[in-house]
file my_file29.txt (compact mmCIF, C-alpha atoms)
# COMPACT_ATOMS: atom_id res chain seq x y z
CA MET A 554 82.95 111.49 67.45
CA VAL A 555 85.98 110.90 69.66
CA ASP A 556 85.76 112.67 73.00
CA PRO A 557 88.47 115.39 73.16
CA ASN A 558 89.25 114.36 76.74
CA LEU A 559 90.05 110.76 75.82
CA SER A 560 93.79 111.46 75.84
CA TRP A 561 93.52 112.83 79.42
CA LEU A 562 91.95 109.58 80.48
CA PHE A 563 94.68 107.45 78.93
CA TRP A 564 97.46 109.70 80.23
CA GLY A 565 95.95 109.52 83.70
CA TYR A 566 95.70 105.75 83.78
CA ALA A 567 99.10 105.25 82.15
CA ALA A 568 100.82 107.62 84.62
CA GLY A 569 99.07 106.08 87.64
CA TRP A 570 99.84 102.48 86.79
CA LEU A 571 103.38 103.39 85.72
CA LEU A 572 104.11 105.06 89.06
CA ILE A 573 102.79 102.13 91.10
CA PHE A 574 104.56 99.47 89.02
CA ALA A 575 107.82 101.43 88.79
CA TYR A 576 107.80 101.66 92.59
CA LEU A 577 107.01 97.94 92.94
CA PHE A 578 109.80 97.11 90.50
CA SER A 579 112.33 99.30 92.31
CA ILE A 580 111.57 97.83 95.76
CA SER A 581 111.69 94.28 94.34
CA ARG A 582 115.18 95.00 92.96
CA LYS A 583 116.19 96.47 96.29
CA GLU A 584 114.93 93.34 98.07
CA ARG A 585 117.07 91.10 95.86
CA SER A 586 120.21 93.19 96.39
CA LEU A 587 119.62 93.37 100.17
CA ARG A 588 119.10 89.62 100.31
CA ARG A 589 122.51 89.14 98.67
CA LYS A 590 124.10 91.68 101.01
CA VAL A 591 122.67 89.95 104.12
CA ALA A 592 123.92 86.56 102.87
CA GLU A 593 127.42 88.01 102.26
CA LEU A 594 127.48 89.65 105.68
CA GLN A 595 126.40 86.39 107.28
CA GLU A 596 129.21 84.50 105.54
CA ALA A 597 131.75 87.14 106.59
CA MET A 598 130.54 86.95 110.19
CA GLU A 599 130.77 83.16 110.26
CA GLU A 600 134.31 83.38 108.86
CA ARG A 601 135.30 85.81 111.58
CA TRP A 602 133.78 83.63 114.30
CA LYS A 603 135.79 80.68 113.00
CA GLN A 604 138.98 82.78 112.99
CA LYS A 605 138.23 84.02 116.51
CA LYS A 606 137.70 80.47 117.82
CA ALA A 607 140.90 79.29 116.10
CA MET B 1422 122.12 85.42 114.04
CA LYS B 1423 120.78 82.20 112.57
CA GLU B 1424 117.29 83.09 113.80
CA MET B 1425 117.59 86.50 112.18
CA LEU B 1426 118.46 85.04 108.80
CA SER B 1427 116.03 82.14 108.89
CA GLU B 1428 113.13 84.59 108.41
CA PHE B 1429 114.56 85.70 105.04
CA ASP B 1430 114.21 82.38 103.27
CA ASP B 1431 113.52 82.05 99.57
CA ARG B 1432 109.76 82.47 99.87
CA PRO B 1433 108.54 85.43 97.79
CA ALA B 1434 107.33 88.45 99.75
CA ILE B 1435 103.95 88.33 97.97
CA PRO B 1436 102.04 85.01 98.18
CA LEU B 1437 101.13 83.63 94.76
CA TRP B 1438 97.38 83.64 95.47
CA LEU B 1439 97.51 87.35 96.33
CA LEU B 1440 99.50 88.20 93.22
CA ALA B 1441 97.05 86.23 91.04
CA ALA B 1442 94.03 87.84 92.74
CA ALA B 1443 95.48 91.34 92.24
CA ALA B 1444 96.27 90.65 88.55
CA VAL B 1445 92.78 89.26 87.83
CA ALA B 1446 91.12 92.09 89.73
CA MET B 1447 93.14 94.68 87.75
CA VAL B 1448 92.05 93.21 84.41
CA VAL B 1449 88.39 93.04 85.54
CA HIS B 1450 88.59 96.59 86.87
CA LEU B 1451 89.98 97.92 83.57
CA TYR B 1452 87.20 96.08 81.71
CA LEU B 1453 84.58 97.65 83.97
CA ILE B 1454 86.02 101.15 83.51
CA PHE B 1455 86.57 101.14 79.76
CA MET B 1456 83.93 98.72 78.48
CA TRP B 1457 81.12 98.32 80.97
CA VAL B 1458 80.30 101.43 82.99
CA PRO B 1459 78.28 104.09 81.10
CA THR B 1460 79.78 107.52 80.49
CA GLU B 1461 78.72 110.14 83.02
CA ALA B 1462 76.39 112.73 81.43
CA THR B 1463 77.88 116.01 82.71
CA MET B 1464 81.65 115.50 82.67
CA GLY B 1465 81.90 112.97 79.89
CA ILE B 1466 84.68 110.47 79.50
CA VAL B 1467 87.17 112.22 81.79
CA GLN B 1468 84.94 111.30 84.76
CA ARG B 1469 86.34 107.76 84.40
CA LEU B 1470 89.48 108.99 86.15
CA PHE B 1471 87.30 108.89 89.29
CA TYR B 1472 87.53 105.05 89.32
CA PHE B 1473 91.29 105.28 89.86
CA HIS B 1474 91.48 108.57 91.79
CA VAL B 1475 89.13 107.56 94.63
CA PRO B 1476 90.48 103.99 95.11
CA ALA B 1477 94.03 105.43 95.24
CA ALA B 1478 92.85 107.83 97.97
CA VAL B 1479 91.26 104.92 99.88
CA ALA B 1480 94.54 102.94 99.70
CA GLN B 1481 96.45 106.07 100.79
CA PHE B 1482 94.22 106.67 103.84
CA THR B 1483 94.31 102.98 104.79
CA ALA B 1484 98.12 103.11 104.65
CA CYS B 1485 98.07 106.23 106.86
CA PHE B 1486 95.96 104.45 109.49
CA VAL B 1487 97.85 101.14 109.43
CA GLY B 1488 101.17 103.06 109.59
CA GLY B 1489 99.85 105.25 112.42
CA VAL B 1490 98.61 102.28 114.47
CA ALA B 1491 101.97 100.53 113.88
CA ALA B 1492 103.77 103.70 115.06
CA ILE B 1493 101.66 103.79 118.25
CA LEU B 1494 102.37 100.09 118.85
CA TYR B 1495 106.09 100.79 118.34
CA LEU B 1496 106.00 103.57 120.95
CA VAL B 1497 104.24 101.24 123.41
CA LYS B 1498 106.14 97.96 122.81
CA ARG B 1499 109.41 99.17 121.21
CA ASP B 1500 109.34 96.14 118.91
CA PRO B 1501 111.23 96.94 115.64
CA LYS B 1502 108.72 94.96 113.57
CA TYR B 1503 106.16 97.74 114.13
CA ASP B 1504 108.68 100.37 113.05
CA ASP B 1505 109.32 98.37 109.84
CA LEU B 1506 105.58 98.10 109.17
CA SER B 1507 105.12 101.81 109.81
CA LEU B 1508 107.95 102.70 107.42
CA ALA B 1509 106.53 100.40 104.73
CA CYS B 1510 103.06 101.95 105.11
CA ASN B 1511 104.38 105.49 105.02
CA GLU B 1512 106.22 105.03 101.76
CA THR B 1513 103.06 103.58 100.18
CA VAL B 1514 101.15 106.64 101.46
CA LEU B 1515 103.39 108.79 99.28
CA VAL B 1516 103.09 106.53 96.20
CA PHE B 1517 99.29 106.18 96.33
CA GLY B 1518 98.96 109.81 97.42
CA LEU B 1519 100.87 110.98 94.33
CA VAL B 1520 98.59 108.85 92.14
CA ASN B 1521 95.54 110.30 93.91
CA VAL B 1522 96.63 113.94 93.63
CA GLY B 1523 98.09 113.52 90.12
CA LEU B 1524 94.89 112.01 88.75
CA GLY B 1525 92.88 114.71 90.51
CA MET B 1526 94.95 117.33 88.70
CA LEU B 1527 94.46 115.58 85.36
CA TRP B 1528 90.71 115.60 85.98
CA ALA B 1529 90.72 119.24 87.13
CA LYS B 1530 92.37 120.69 84.01
CA PRO B 1531 89.59 119.83 81.50
CA ILE B 1532 86.75 120.24 84.03
CA TRP B 1533 87.79 123.33 86.04
CA GLY B 1534 90.21 124.76 83.48
CA ILE B 1535 93.02 124.83 86.07
CA TRP B 1536 95.47 122.23 87.36
CA TRP B 1537 95.35 123.27 91.00
CA THR B 1538 93.63 125.56 93.46
CA TRP B 1539 94.34 126.11 97.16
CA ASP B 1540 90.93 125.02 98.43
CA PRO B 1541 90.64 123.14 101.78
CA ARG B 1542 90.50 119.62 100.26
CA LEU B 1543 93.46 120.11 97.95
CA THR B 1544 95.50 122.03 100.52
CA SER B 1545 94.96 119.42 103.25
CA SER B 1546 95.89 116.66 100.74
CA PHE B 1547 99.05 118.59 99.88
CA VAL B 1548 99.92 118.96 103.60
CA LEU B 1549 99.40 115.21 104.05
CA LEU B 1550 101.81 114.41 101.21
CA PHE B 1551 104.27 116.99 102.55
CA LEU B 1552 104.19 115.38 106.05
CA TYR B 1553 104.91 111.92 104.69
CA GLY B 1554 107.60 113.32 102.39
CA ALA B 1555 109.15 114.93 105.47
CA TYR B 1556 109.00 111.57 107.27
CA LEU B 1557 111.00 109.88 104.51
CA VAL B 1558 113.57 112.70 104.43
CA LEU B 1559 113.85 112.78 108.22
CA ARG B 1560 114.22 109.03 108.71
CA PRO B 1561 117.76 108.51 107.38
CA ALA B 1562 118.88 111.78 109.00
CA ALA B 1563 117.66 110.87 112.52
CA PRO B 1564 120.11 109.28 115.01
CA VAL B 1565 119.82 105.46 114.92
CA GLU B 1566 118.97 105.09 118.63
CA SER B 1567 116.05 107.58 118.49
CA ARG B 1568 115.04 107.05 114.84
CA GLY B 1569 112.04 104.83 115.57
CA VAL B 1570 110.57 107.23 118.15
CA VAL B 1571 111.08 110.40 116.07
CA CYS B 1572 109.55 108.73 113.00
CA ALA B 1573 106.63 107.31 114.99
CA VAL B 1574 105.75 110.82 116.21
CA VAL B 1575 105.82 112.27 112.66
CA CYS B 1576 103.75 109.33 111.45
CA ILE B 1577 101.08 109.88 114.13
CA LEU B 1578 100.92 113.56 113.10
CA GLY B 1579 100.37 112.42 109.52
CA MET B 1580 97.59 110.07 110.57
CA ALA B 1581 95.92 112.95 112.46
CA ASP B 1582 95.69 114.92 109.17
CA VAL B 1583 93.64 112.18 107.46
CA PRO B 1584 90.26 113.02 109.11
CA LEU B 1585 90.87 116.67 108.18
CA VAL B 1586 91.37 115.71 104.51
CA TYR B 1587 88.29 113.48 104.59
CA LEU B 1588 86.04 116.06 106.27
CA SER B 1589 87.37 119.12 104.41
CA ASN B 1590 84.69 119.05 101.70
CA ARG B 1591 82.01 118.42 104.31
CA LEU B 1592 83.03 121.15 106.75
CA PHE B 1593 84.06 123.88 104.30
CA ARG B 1594 82.86 125.22 100.98
CA THR B 1595 85.31 123.80 98.47
CA GLN B 1596 85.79 123.74 94.73
CA HIS B 1597 86.35 119.98 95.05
CA PRO B 1598 83.13 118.05 94.20
CA ALA B 1599 80.80 117.36 97.12
CA PRO B 1600 81.02 113.88 98.69
CA VAL B 1601 79.14 111.28 96.65
CA LEU B 1602 79.04 108.67 99.42
CA GLY B 1603 77.51 109.56 102.78
CA GLY B 1604 77.28 113.22 101.80
CA GLY B 1605 73.62 113.86 102.67
CA PRO B 1606 70.25 113.42 100.92
CA ASP B 1607 71.47 114.70 97.53
CA SER B 1608 74.49 112.42 97.36
CA GLY B 1609 74.64 108.94 95.87
CA LEU B 1610 75.80 107.07 92.80
CA ALA B 1611 74.06 105.19 90.01
CA PRO B 1612 74.41 101.40 90.59
CA PRO B 1613 76.91 100.74 87.72
CA ILE B 1614 79.10 103.67 88.82
CA ALA B 1615 78.98 102.52 92.46
CA ALA B 1616 79.79 98.91 91.48
CA THR B 1617 82.82 100.00 89.39
CA LEU B 1618 84.00 102.30 92.18
CA PHE B 1619 83.74 99.63 94.90
CA PHE B 1620 85.45 97.06 92.70
CA GLY B 1621 88.19 99.64 92.07
CA MET B 1622 88.65 100.08 95.83
CA PHE B 1623 88.92 96.30 96.26
CA THR B 1624 91.50 96.11 93.42
CA MET B 1625 93.57 98.97 94.77
CA MET B 1626 93.58 97.45 98.27
CA LEU B 1627 94.92 94.17 96.83
CA LEU B 1628 97.61 96.08 94.95
CA TRP B 1629 98.47 98.13 98.05
CA TRP B 1630 98.77 94.93 100.08
CA CYS B 1631 101.23 93.48 97.50
CA VAL B 1632 103.35 96.65 97.55
CA LEU B 1633 103.23 96.77 101.36
CA LEU B 1634 104.46 93.17 101.74
CA VAL B 1635 107.48 93.78 99.50
CA ARG B 1636 108.33 97.11 101.17
CA ARG B 1637 108.05 95.55 104.66
CA ARG B 1638 110.41 92.76 103.59
CA VAL B 1639 112.88 95.42 102.35
CA ALA B 1640 112.61 97.27 105.68
CA ARG B 1641 113.37 94.06 107.61
CA LEU B 1642 116.30 93.21 105.34
CA GLU B 1643 117.69 96.74 105.78
CA ARG B 1644 117.48 96.34 109.55
CA ALA B 1645 119.17 92.91 109.38
CA ALA B 1646 121.98 94.27 107.16
CA GLU B 1647 122.50 97.21 109.55
CA ASP B 1648 122.57 94.86 112.54
CA LEU B 1649 125.02 92.44 110.90
CA THR B 1650 127.32 95.31 109.87
CA ARG B 1651 127.31 96.66 113.44
CA ARG B 1652 128.05 93.21 114.91
CA SER B 1653 130.80 92.71 112.36
CA HIS B 1654 132.42 96.00 113.43
CA GLU B 1655 132.10 95.04 117.11
CA LEU B 1656 133.83 91.75 116.35
CA GLU B 1657 136.62 93.62 114.54
CA ASP B 1658 137.07 95.88 117.58
CA VAL B 1659 137.28 92.88 119.93
CA ARG B 1660 139.88 91.24 117.66
CA SER B 1661 141.99 94.41 117.45
CA TYR B 1662 142.33 94.43 121.28
call {"tool": "encode", "arguments": {"input": "my_file29.txt", "output": "structure tokens"}}
result
Amino acid sequence: MVDPNLSWLFWGYAAGWLLIFAYLFSISRKERSLRRKVAELQEAMEERWKQKKA
Amino acid sequence: MKEMLSEFDDRPAIPLWLLAAAAVAMVVHLYLIFMWVPTEATMGIVQRLFYFHVPAAVAQFTACFVGGVAAILYLVKRDPKYDDLSLACNETVLVFGLVNVGLGMLWAKPIWGIWWTWDPRLTSSFVLLFLYGAYLVLRPAAPVESRGVVCAVVCILGMADVPLVYLSNRLFRTQHPAPVLGGGPDSGLAPPIAATLFFGMFTMMLLWWCVLLVRRRVARLERAAEDLTRRSHELEDVRSY
């Protein structure tokens, strides 16, 4: 006989893992976008330094 | 500026060996929970939530302590790297804390017949989550120059709540089950249950470490972006004169 609480167990594990991996996925995306932003800012700064020196 | 950017090279935030170890440990842990460990006699199959609930709590408390120590170090040394580590830890406290409390509620409904009760263990866990939630709300609202100090103080307060949560079912009569480890002569676990639980703690710590490394990298990149934007504005101001 299937335990009536089996669905609770699966819901629990699914929700737990989903929360952790959704968070990991969101911060990984944020890292990539911030990396791009920092690179763009660096380029802009270098451009301005060159203009200032000129 | 070059030194600032050199630390954000193309290396992934999580080392490959750690990622592989966490993935293997997760698969082994799931095998132990669903295929290997025997079903507990009183509660039945729903007791298996314990192997995720307790390790999530262990990861949450570890994050509280590491974040708290980093906050103290920030107050002493005023080095931004400690503030970044503290922020990264505190966000993971909330994530693993939600898993811990959420799974506890899912266990409580079939066993107690209710989702929640305001007993000392559950209330102190709720206060802990509330404190760290407040930290994350407060952080962007605090003035930049005093942000690190304000957040470090809130973080230390959060860390101080952890022993209260841990001891709540030892000091008070609670509806929450009595401690099964170090809870006196009647406590203890059958060897397969203990082995699955300890392996679960090990797995969750690996996973927490992975999450922490990525979040710390994000915190450092945010600081670098803020710093570069500020310098860029300063340069604009100099040019406009």
call {"tool": "interface_residues", "arguments": {"input": "my_file29.txt", "of": "chain B", "to": "chain A", "cutoff": "6 Å", "atoms": "only C-alpha atoms", "output": "CSV table (one decimal) with C-alpha atoms, in the frame of the given file"}}
result
chain,number,residue,atom,x,y,z
B,1467,VAL,CA,87.2,112.2,81.8
B,1520,VAL,CA,98.6,108.8,92.1
B,1524,LEU,CA,94.9,112.0,88.8
B,1639,VAL,CA,112.9,95.4,102.4
B,1646,ALA,CA,122.0,94.3,107.2
call {"tool": "residues_around", "arguments": {"input": "my_file29.txt", "residues": "stretch 1569-1571 of chain B", "least_positions_apart": "3", "cutoff": "12 Å", "atoms": "all atoms listed in the file", "output": "PyMOL selection string"}}
result
chain B and resi 1491-1508+1555-1557+1559-1566+1574-1578+1644
call {"tool": "closest_residue", "arguments": {"input": "my_file29.txt", "among": "B:Ala1615, B:Leu1543, B:Leu1549, B:Leu1642", "to": "B:Thr1595", "atoms": "all atoms listed in the file"}}
result
B:Leu1543
call {"tool": "residues_around", "arguments": {"input": "my_file29.txt", "residues": "B:Phe1517", "least_positions_apart": "4", "cutoff": "8 Å", "atoms": "all atoms listed in the file", "output": "ChimeraX atom specification"}}
result
/A:573 /B:1477-1478,1480-1481,1513,1521
call {"tool": "write_last_selection", "arguments": {"input": "my_file29.txt", "atoms": "C-alpha atoms", "output": "mmCIF file, in the coordinates of the input"}}
result
data_model
loop_
_atom_site.group_PDB
_atom_site.id
_atom_site.type_symbol
_atom_site.label_atom_id
_atom_site.label_comp_id
_atom_site.auth_asym_id
_atom_site.auth_seq_id
_atom_site.Cartn_x
_atom_site.Cartn_y
_atom_site.Cartn_z
ATOM 1 C CA ILE A 573 102.790 102.130 91.100
ATOM 2 C CA ALA B 1477 94.030 105.430 95.240
ATOM 3 C CA ALA B 1478 92.850 107.830 97.970
ATOM 4 C CA ALA B 1480 94.540 102.940 99.700
ATOM 5 C CA GLN B 1481 96.450 106.070 100.790
ATOM 6 C CA THR B 1513 103.060 103.580 100.180
ATOM 7 C CA ASN B 1521 95.540 110.300 93.910
#
call {"tool": "atom_distance", "arguments": {"input": "my_file29.txt", "atom1": "atom CA of A:Ala567", "atom2": "atom CA of B:Leu1439"}}
result
22.9 Å
call {"tool": "atom_distance", "arguments": {"input": "my_file29.txt", "atom1": "atom CA of B:Trp1536", "atom2": "atom CA of B:Leu1618"}}
result
23.5 Å
call {"tool": "closest_residue", "arguments": {"input": "my_file29.txt", "among": "B:Thr1617, B:Ser1589, B:Asn1511, B:Ser1567", "to": "B:Leu1550", "atoms": "all atoms listed in the file"}}
result
B:Asn1511
call {"tool": "atom_distance", "arguments": {"input": "my_file29.txt", "atom1": "atom CA of B:Cys1485", "atom2": "atom CA of B:Gly1525"}}
result
19.1 Å
call {"tool": "axis_aligned_box", "arguments": {"input": "my_file29.txt", "around": "stretch 573-587 of chain A", "padding_each_side": "3 Å", "output": "lines of an AutoDock Vina configuration file"}}
result
center_x = 111.5
center_y = 96.6
center_z = 94.5
size_x = 23.4
size_y = 17.0
size_z = 17.4
call {"tool": "decode", "arguments": {"input": "my_file29.txt", "residues": "stretch 554-573 of chain A", "atoms": "N, CA and C atoms", "output": "PDB file, in the first residue's frame"}}
result
ATOM      1  N   MET A 554       0.836  -1.196   0.000  1.00  0.00           N
ATOM      2  CA  MET A 554       0.000   0.000   0.000  1.00  0.00           C
ATOM      3  C   MET A 554       0.877   1.255   0.000  1.00  0.00           C
ATOM      4  N   VAL A 555       0.492   2.225  -0.813  1.00  0.00           N
ATOM      5  CA  VAL A 555       1.280   3.466  -0.880  1.00  0.00           C
ATOM      6  C   VAL A 555       0.976   4.316   0.348  1.00  0.00           C
ATOM      7  N   ASP A 556       2.021   4.803   0.975  1.00  0.00           N
ATOM      8  CA  ASP A 556       1.858   5.664   2.149  1.00  0.00           C
ATOM      9  C   ASP A 556       1.142   6.956   1.748  1.00  0.00           C
ATOM     10  N   PRO A 557       0.077   7.361   2.475  1.00  0.00           N
ATOM     11  CA  PRO A 557      -0.652   8.578   2.082  1.00  0.00           C
ATOM     12  C   PRO A 557       0.196   9.847   2.193  1.00  0.00           C
ATOM     13  N   ASN A 558       1.284   9.761   2.953  1.00  0.00           N
ATOM     14  CA  ASN A 558       2.130  10.954   3.114  1.00  0.00           C
ATOM     15  C   ASN A 558       3.258  11.043   2.091  1.00  0.00           C
ATOM     16  N   LEU A 559       3.258  10.119   1.132  1.00  0.00           N
ATOM     17  CA  LEU A 559       4.338  10.111   0.138  1.00  0.00           C
ATOM     18  C   LEU A 559       4.401  11.424  -0.638  1.00  0.00           C
ATOM     19  N   SER A 560       3.205  11.969  -0.963  1.00  0.00           N
ATOM     20  CA  SER A 560       3.188  13.217  -1.732  1.00  0.00           C
ATOM     21  C   SER A 560       3.806  14.365  -0.933  1.00  0.00           C
ATOM     22  N   TRP A 561       3.628  14.369   0.394  1.00  0.00           N
ATOM     23  CA  TRP A 561       4.235  15.411   1.241  1.00  0.00           C
ATOM     24  C   TRP A 561       5.751  15.355   1.121  1.00  0.00           C
ATOM     25  N   LEU A 562       6.246  14.129   1.112  1.00  0.00           N
ATOM     26  CA  LEU A 562       7.695  13.937   1.035  1.00  0.00           C
ATOM     27  C   LEU A 562       8.233  14.496  -0.279  1.00  0.00           C
ATOM     28  N   PHE A 563       7.572  14.151  -1.376  1.00  0.00           N
ATOM     29  CA  PHE A 563       8.045  14.624  -2.676  1.00  0.00           C
ATOM     30  C   PHE A 563       7.890  16.137  -2.816  1.00  0.00           C
ATOM     31  N   TRP A 564       6.760  16.669  -2.329  1.00  0.00           N
ATOM     32  CA  TRP A 564       6.565  18.121  -2.378  1.00  0.00           C
ATOM     33  C   TRP A 564       7.652  18.839  -1.580  1.00  0.00           C
ATOM     34  N   GLY A 565       7.959  18.273  -0.432  1.00  0.00           N
ATOM     35  CA  GLY A 565       8.980  18.877   0.437  1.00  0.00           C
ATOM     36  C   GLY A 565      10.330  18.931  -0.240  1.00  0.00           C
ATOM     37  N   TYR A 566      10.754  17.788  -0.770  1.00  0.00           N
ATOM     38  CA  TYR A 566      12.071  17.740  -1.419  1.00  0.00           C
ATOM     39  C   TYR A 566      12.100  18.608  -2.673  1.00  0.00           C
ATOM     40  N   ALA A 567      11.009  18.539  -3.463  1.00  0.00           N
ATOM     41  CA  ALA A 567      10.964  19.333  -4.700  1.00  0.00           C
ATOM     42  C   ALA A 567      11.044  20.828  -4.375  1.00  0.00           C
ATOM     43  N   ALA A 568      10.261  21.274  -3.372  1.00  0.00           N
ATOM     44  CA  ALA A 568      10.246  22.700  -3.019  1.00  0.00           C
ATOM     45  C   ALA A 568      11.607  23.135  -2.478  1.00  0.00           C
ATOM     46  N   GLY A 569      12.208  22.317  -1.638  1.00  0.00           N
ATOM     47  CA  GLY A 569      13.513  22.651  -1.047  1.00  0.00           C
ATOM     48  C   GLY A 569      14.600  22.795  -2.093  1.00  0.00           C
ATOM     49  N   TRP A 570      14.725  21.777  -2.937  1.00  0.00           N
ATOM     50  CA  TRP A 570      15.763  21.828  -3.978  1.00  0.00           C
ATOM     51  C   TRP A 570      15.490  22.952  -4.966  1.00  0.00           C
ATOM     52  N   LEU A 571      14.199  23.148  -5.291  1.00  0.00           N
ATOM     53  CA  LEU A 571      13.846  24.212  -6.243  1.00  0.00           C
ATOM     54  C   LEU A 571      14.263  25.585  -5.706  1.00  0.00           C
ATOM     55  N   LEU A 572      13.993  25.812  -4.434  1.00  0.00           N
ATOM     56  CA  LEU A 572      14.348  27.118  -3.839  1.00  0.00           C
ATOM     57  C   LEU A 572      15.859  27.347  -3.892  1.00  0.00           C
ATOM     58  N   ILE A 573      16.628  26.339  -3.497  1.00  0.00           N
ATOM     59  CA  ILE A 573      18.090  26.490  -3.460  1.00  0.00           C
ATOM     60  C   ILE A 573      18.637  26.690  -4.882  1.00  0.00           C
TER      61      ILE A 573
END
